$ cat final_30.cif   # mmCIF, C-alpha atoms
data_structure
#
loop_
_atom_site.label_atom_id
_atom_site.label_comp_id
_atom_site.auth_asym_id
_atom_site.auth_seq_id
_atom_site.Cartn_x
_atom_site.Cartn_y
_atom_site.Cartn_z
CA GLU A 30 26.62 -7.90 -0.74
CA VAL A 31 27.88 -10.30 1.91
CA VAL A 32 25.30 -12.98 2.66
CA LEU A 33 25.37 -14.41 6.17
CA THR A 34 23.84 -17.84 6.74
CA GLN A 35 23.09 -18.89 10.29
CA SER A 36 22.59 -22.44 11.51
CA PRO A 37 20.72 -24.09 12.90
CA GLY A 38 17.45 -22.25 12.41
CA THR A 39 16.24 -23.39 15.81
CA LEU A 40 18.15 -24.85 18.72
CA SER A 41 16.17 -26.68 21.43
CA LEU A 42 18.11 -26.88 24.68
CA SER A 43 17.58 -27.03 28.42
CA PRO A 44 18.77 -24.46 30.96
CA GLY A 45 22.34 -25.22 31.97
CA GLU A 46 23.30 -26.64 28.57
CA ARG A 47 25.72 -25.09 26.09
CA ALA A 48 24.50 -23.45 22.89
CA THR A 49 26.70 -23.28 19.79
CA LEU A 50 25.46 -21.02 17.00
CA SER A 51 27.09 -20.79 13.58
CA CYS A 52 27.32 -17.91 11.11
CA ARG A 53 28.85 -18.46 7.66
CA ALA A 54 29.69 -15.61 5.28
CA SER A 55 29.54 -15.73 1.48
CA GLN A 56 32.95 -14.05 1.36
CA SER A 57 35.72 -13.47 3.85
CA VAL A 58 34.93 -10.95 6.58
CA ARG A 59 38.15 -9.03 7.01
CA GLY A 60 39.30 -7.44 10.24
CA SER A 61 37.11 -9.74 12.35
CA TYR A 62 34.30 -7.27 11.73
CA LEU A 63 31.53 -9.53 12.94
CA ALA A 64 28.99 -8.92 15.71
CA TRP A 65 26.26 -10.88 17.48
CA TYR A 66 22.95 -9.62 18.81
CA GLN A 67 20.22 -11.06 20.99
CA GLN A 68 16.59 -10.16 20.38
CA LYS A 69 13.53 -10.96 22.46
CA PRO A 70 9.94 -10.57 21.23
CA GLY A 71 8.81 -6.97 20.97
CA GLN A 72 12.26 -5.61 21.82
CA ALA A 73 15.11 -4.03 19.92
CA PRO A 74 18.20 -6.16 19.41
CA ARG A 75 20.88 -6.08 22.11
CA LEU A 76 24.55 -6.07 21.19
CA LEU A 77 26.39 -9.04 22.70
CA ILE A 78 29.70 -9.42 20.84
CA TYR A 79 31.64 -7.19 18.44
CA ASP A 80 34.92 -7.59 16.58
CA THR A 81 34.26 -11.35 16.67
CA PHE A 82 35.48 -11.80 20.24
CA SER A 83 34.79 -8.71 22.35
CA ARG A 84 31.86 -8.66 24.75
CA ALA A 85 29.79 -5.49 24.86
CA THR A 86 29.40 -3.62 28.13
CA GLY A 87 27.43 -5.58 30.71
CA ILE A 88 27.37 -8.86 28.79
CA PRO A 89 28.09 -11.87 31.04
CA ASP A 90 31.13 -14.00 30.31
CA ARG A 91 29.04 -17.07 29.49
CA PHE A 92 28.73 -15.46 26.03
CA SER A 93 31.78 -15.86 23.82
CA GLY A 94 32.55 -15.39 20.15
CA SER A 95 35.11 -16.98 17.88
CA GLY A 96 35.99 -17.51 14.25
CA SER A 97 37.59 -15.83 11.27
CA GLY A 98 37.28 -15.51 7.51
CA THR A 99 33.94 -17.03 6.57
CA GLY A 100 33.09 -19.01 9.69
CA PHE A 101 32.05 -17.60 13.06
CA THR A 102 30.54 -19.02 16.22
CA LEU A 103 28.65 -17.71 19.21
CA THR A 104 28.85 -19.94 22.26
CA ILE A 105 26.59 -19.58 25.27
CA ASN A 106 27.79 -21.63 28.22
CA ARG A 107 25.31 -22.77 30.89
CA LEU A 108 22.12 -21.36 29.40
CA GLU A 109 20.12 -19.19 31.76
CA PRO A 110 16.31 -18.79 31.40
CA GLU A 111 16.81 -15.25 30.07
CA ASP A 112 19.04 -16.49 27.24
CA PHE A 113 16.19 -18.08 25.30
CA ALA A 114 15.79 -15.67 22.40
CA VAL A 115 16.73 -15.12 18.75
CA TYR A 116 20.35 -14.42 17.87
CA PHE A 117 21.62 -12.57 14.80
CA CYS A 118 25.11 -12.16 13.39
CA GLN A 119 26.11 -9.02 11.49
CA GLN A 120 29.11 -8.19 9.31
CA TYR A 121 30.49 -4.69 9.08
CA ASP A 122 33.47 -5.25 6.84
CA THR A 123 31.78 -4.48 3.50
CA PRO A 124 28.80 -2.14 3.04
CA PRO A 125 25.91 -2.65 3.04
CA TRP A 126 26.10 -4.03 6.54
CA THR A 127 24.21 -7.32 6.52
CA PHE A 128 22.67 -9.69 9.03
CA GLY A 129 22.02 -13.38 9.19
CA GLN A 130 18.46 -14.62 9.27
CA GLY A 131 18.70 -15.58 12.92
CA THR A 132 18.88 -18.64 15.17
CA LYS A 133 16.13 -19.17 17.70
CA VAL A 134 17.26 -20.74 20.97
CA GLU A 135 14.20 -22.29 22.57
CA ILE A 136 13.57 -24.20 25.76
CA LYS A 137 13.50 -27.96 25.23
CA GLN B 26 23.69 7.01 29.05
CA VAL B 27 22.65 7.30 25.41
CA GLN B 28 18.92 6.99 24.75
CA LEU B 29 17.12 7.00 21.42
CA VAL B 30 13.39 7.67 21.37
CA GLN B 31 11.45 7.15 18.15
CA SER B 32 8.15 8.52 16.96
CA GLY B 33 4.99 6.47 17.16
CA ALA B 34 3.40 3.85 14.95
CA GLU B 35 2.13 4.84 11.52
CA VAL B 36 -0.46 3.44 9.12
CA LYS B 37 0.06 4.49 5.51
CA LYS B 38 -1.57 3.94 2.14
CA PRO B 39 0.35 2.33 -0.70
CA GLY B 40 2.23 4.93 -2.72
CA SER B 41 2.53 7.37 0.16
CA SER B 42 5.55 8.33 2.28
CA VAL B 43 6.40 7.97 5.95
CA LYS B 44 8.82 9.96 8.08
CA VAL B 45 10.12 8.50 11.33
CA SER B 46 12.07 10.51 13.89
CA CYS B 47 14.72 9.44 16.39
CA LYS B 48 15.59 11.81 19.23
CA ALA B 49 18.88 11.23 21.01
CA SER B 50 19.84 12.17 24.54
CA GLY B 51 23.11 11.59 26.38
CA GLY B 52 26.41 11.22 24.59
CA THR B 53 27.61 13.39 21.70
CA PHE B 54 24.98 13.41 18.98
CA ARG B 55 27.00 15.06 16.25
CA SER B 56 29.96 12.68 16.12
CA TYR B 57 28.42 9.24 15.85
CA ALA B 58 26.57 7.70 12.94
CA ILE B 59 22.85 7.20 13.39
CA ASN B 60 21.75 4.18 11.40
CA TRP B 61 18.32 3.12 10.21
CA LEU B 62 17.34 -0.52 10.00
CA ARG B 63 14.10 -2.35 9.53
CA GLN B 64 12.64 -5.71 10.42
CA ALA B 65 9.65 -7.15 8.56
CA PRO B 66 7.31 -9.37 10.61
CA GLY B 67 9.10 -12.58 11.58
CA GLN B 68 12.14 -11.64 9.52
CA GLY B 69 15.74 -10.59 10.05
CA LEU B 70 17.27 -7.15 10.15
CA GLU B 71 17.95 -5.00 7.10
CA TRP B 72 20.28 -1.99 7.11
CA MET B 73 18.90 0.99 5.20
CA GLY B 74 21.51 3.70 5.66
CA ASP B 75 23.22 6.06 8.06
CA ILE B 76 24.27 9.63 8.70
CA VAL B 77 26.90 11.30 10.85
CA PRO B 78 25.18 14.52 11.95
CA MET B 79 28.31 16.66 11.95
CA PHE B 80 28.98 15.79 8.31
CA GLY B 81 25.38 15.66 7.17
CA LYS B 82 26.03 13.36 4.21
CA PRO B 83 23.94 10.20 4.33
CA ASN B 84 24.91 6.77 3.04
CA TYR B 85 22.21 4.50 1.69
CA ALA B 86 21.98 0.82 0.95
CA GLN B 87 21.60 0.40 -2.79
CA LYS B 88 18.26 -1.36 -2.32
CA PHE B 89 16.74 1.84 -0.94
CA GLN B 90 18.53 4.42 -3.11
CA GLY B 91 16.03 6.86 -4.56
CA ARG B 92 13.33 5.98 -2.03
CA VAL B 93 14.90 6.79 1.33
CA THR B 94 16.08 10.12 2.74
CA ILE B 95 18.00 10.28 6.02
CA THR B 96 18.62 13.63 7.68
CA ALA B 97 19.80 14.91 11.05
CA ASP B 98 19.09 18.10 12.98
CA GLU B 99 21.91 18.96 15.39
CA SER B 100 19.85 21.71 17.04
CA THR B 101 17.36 19.14 18.34
CA ASN B 102 19.56 16.01 18.41
CA THR B 103 17.06 14.31 16.13
CA ALA B 104 17.55 12.09 13.10
CA TYR B 105 14.89 11.37 10.52
CA MET B 106 14.22 8.65 7.98
CA GLU B 107 11.71 9.22 5.21
CA LEU B 108 10.68 6.39 2.93
CA SER B 109 8.60 7.06 -0.17
CA GLY B 110 6.68 4.92 -2.64
CA LEU B 111 5.43 2.63 0.11
CA THR B 112 4.15 -0.85 -0.71
CA SER B 113 2.91 -3.65 1.51
CA GLU B 114 6.48 -5.02 1.52
CA ASP B 115 7.55 -1.95 3.50
CA THR B 116 5.41 -3.03 6.45
CA ALA B 117 8.00 -3.46 9.18
CA VAL B 118 9.37 -2.19 12.45
CA TYR B 119 11.88 0.57 11.73
CA PHE B 120 14.75 1.09 14.18
CA CYS B 121 17.31 3.81 14.59
CA ALA B 122 20.57 2.73 16.16
CA ARG B 123 23.79 4.49 17.10
CA GLU B 124 27.19 2.99 16.41
CA ARG B 125 29.22 1.77 19.35
CA ALA B 126 32.21 3.97 18.53
CA VAL B 127 33.15 6.38 15.77
CA LYS B 128 33.44 4.55 12.45
CA ALA B 129 32.45 1.27 14.09
CA PRO B 130 29.09 0.29 12.56
CA VAL B 131 28.13 -2.04 15.38
CA PHE B 132 24.88 -1.00 16.94
CA HIS B 133 25.09 -0.54 20.68
CA TYR B 134 22.23 1.89 21.25
CA TRP B 135 18.79 1.31 19.77
CA GLY B 136 15.52 3.14 19.59
CA GLN B 137 12.41 1.28 20.68
CA GLY B 138 11.27 0.74 17.10
CA THR B 139 8.44 2.24 15.07
CA LEU B 140 5.87 -0.02 13.43
CA VAL B 141 4.94 1.17 9.96
CA THR B 142 1.97 -0.61 8.43
CA VAL B 143 1.21 -0.13 4.74
CA SER B 144 -2.36 -1.04 3.94
CA THR B 145 -5.30 0.03 1.85
#
$ encode --input "final_30.cif" --output "structure tokens"
Amino acid sequence: EVVLTQSPGTLSLSPGERATLSCRASQSVRGSYLAWYQQKPGQAPRLLIYDTFSRATGIPDRFSGSGSGTGFTLTINRLEPEDFAVYFCQQYDTPPWTFGQGTKVEIK
Amino acid sequence: QVQLVQSGAEVKKPGSSVKVSCKASGGTFRSYAINWLRQAPGQGLEWMGDIVPMFGKPNYAQKFQGRVTITADESTNTAYMELSGLTSEDTAVYFCARERAVKAPVFHYWGQGTLVTVST
């Protein structure tokens, strides 16, 4: 199965700063079939980005995705207080669909 | 708007089985895959399998083959996930999630999660 490794494990930033989250795949993810989710404590994940670049409905444009092959990035410009959460990447090129272990974005 | 509502928390003994339901409203139930995922305490997400109700044939992650059964009832717009041979390692929050679009296994709609605790 495709193993996704996210880095860093924790990102300590202040509101207004930019967050850059990395997701590396153990093999090439074809078709840009990579998504990002946000999860807050006690809640289900929320889809942010799919197909590497596309924002899901209602997601603000400070969230953007990029990458290809085995390296992908989620960028959050100008962090808002509500953005402090855990973020997961997911590949859906090769079953079983797999997730990274998560990056926690915490308030510095 | 699509909503998924799951059944309530369960406490089970090791070796037993658990069956979690996921009732959908809004949207077209029969055409979109309902997926089951789980999240152990403090851990990441793990995909268990899916089913497209109109086809009725489930797909399972190899890790859960032989232990998980996913079904769907079109008459009640409800999907089910049954996991047998429970151990303490199956303690987790179990989610159902619907794909964003047909044949696009990106999970746009989620149930609220069902905590399954396996304990003596």
$ closest_residue --input "final_30.cif" --among "B:Thr112, B:Pro83, B:Pro78, B:Ala97" --to "B:Ser42" --atoms "only C-alpha atoms"
B:Thr112
$ residues_around --input "final_30.cif" --residues "A:Arg107" --least-positions-apart "6" --cutoff "9 Å" --atoms "all atoms listed in the file" --output "PyMOL selection string"
chain A and resi 44-48+91
$ residues_around --input "final_30.cif" --residues "B:Glu107" --least-positions-apart "6" --cutoff "8 Å" --atoms "only C-alpha atoms" --output "ChimeraX atom specification"
/B:42-45,93-95
$ closest_residue --input "final_30.cif" --among "A:Leu63, A:Phe82, A:Thr99, A:Asn106" --to "chain B" --atoms "all atoms listed in the file"
A:Leu63
$ interface_residues --input "final_30.cif" --of "chain A" --to "chain B" --cutoff "9 Å" --atoms "only C-alpha atoms" --output "list in words"
Tyr62, Leu63, Ala64, Gly71, Gln72, Ala73, Pro74, Arg75, Leu76, Leu77, Tyr79, Asp80, Ala85, Phe117, Gln119, Gln120, Tyr121, Pro124, Pro125, Trp126, Thr127, Phe128, Gly129, Gln130 and Gly131 of chain A
$ residues_around --input "final_30.cif" --residues "A:Ser97" --least-positions-apart "6" --cutoff "10 Å" --atoms "only C-alpha atoms" --output "list in words"
Arg53, Ala54, Ser57, Val58, Arg59, Gly60, Ser61, Tyr62, Leu63 and Thr81 of chain A
$ closest_residue --input "final_30.cif" --among "B:Ser100, B:Gln26, B:Ser41, B:Asn60" --to "B:Thr145" --atoms "all atoms listed in the file"
B:Ser41
$ atom_distance --input "final_30.cif" --atom1 "atom CA of B:Asp115" --atom2 "atom CA of B:Gly40"
10.7 Å
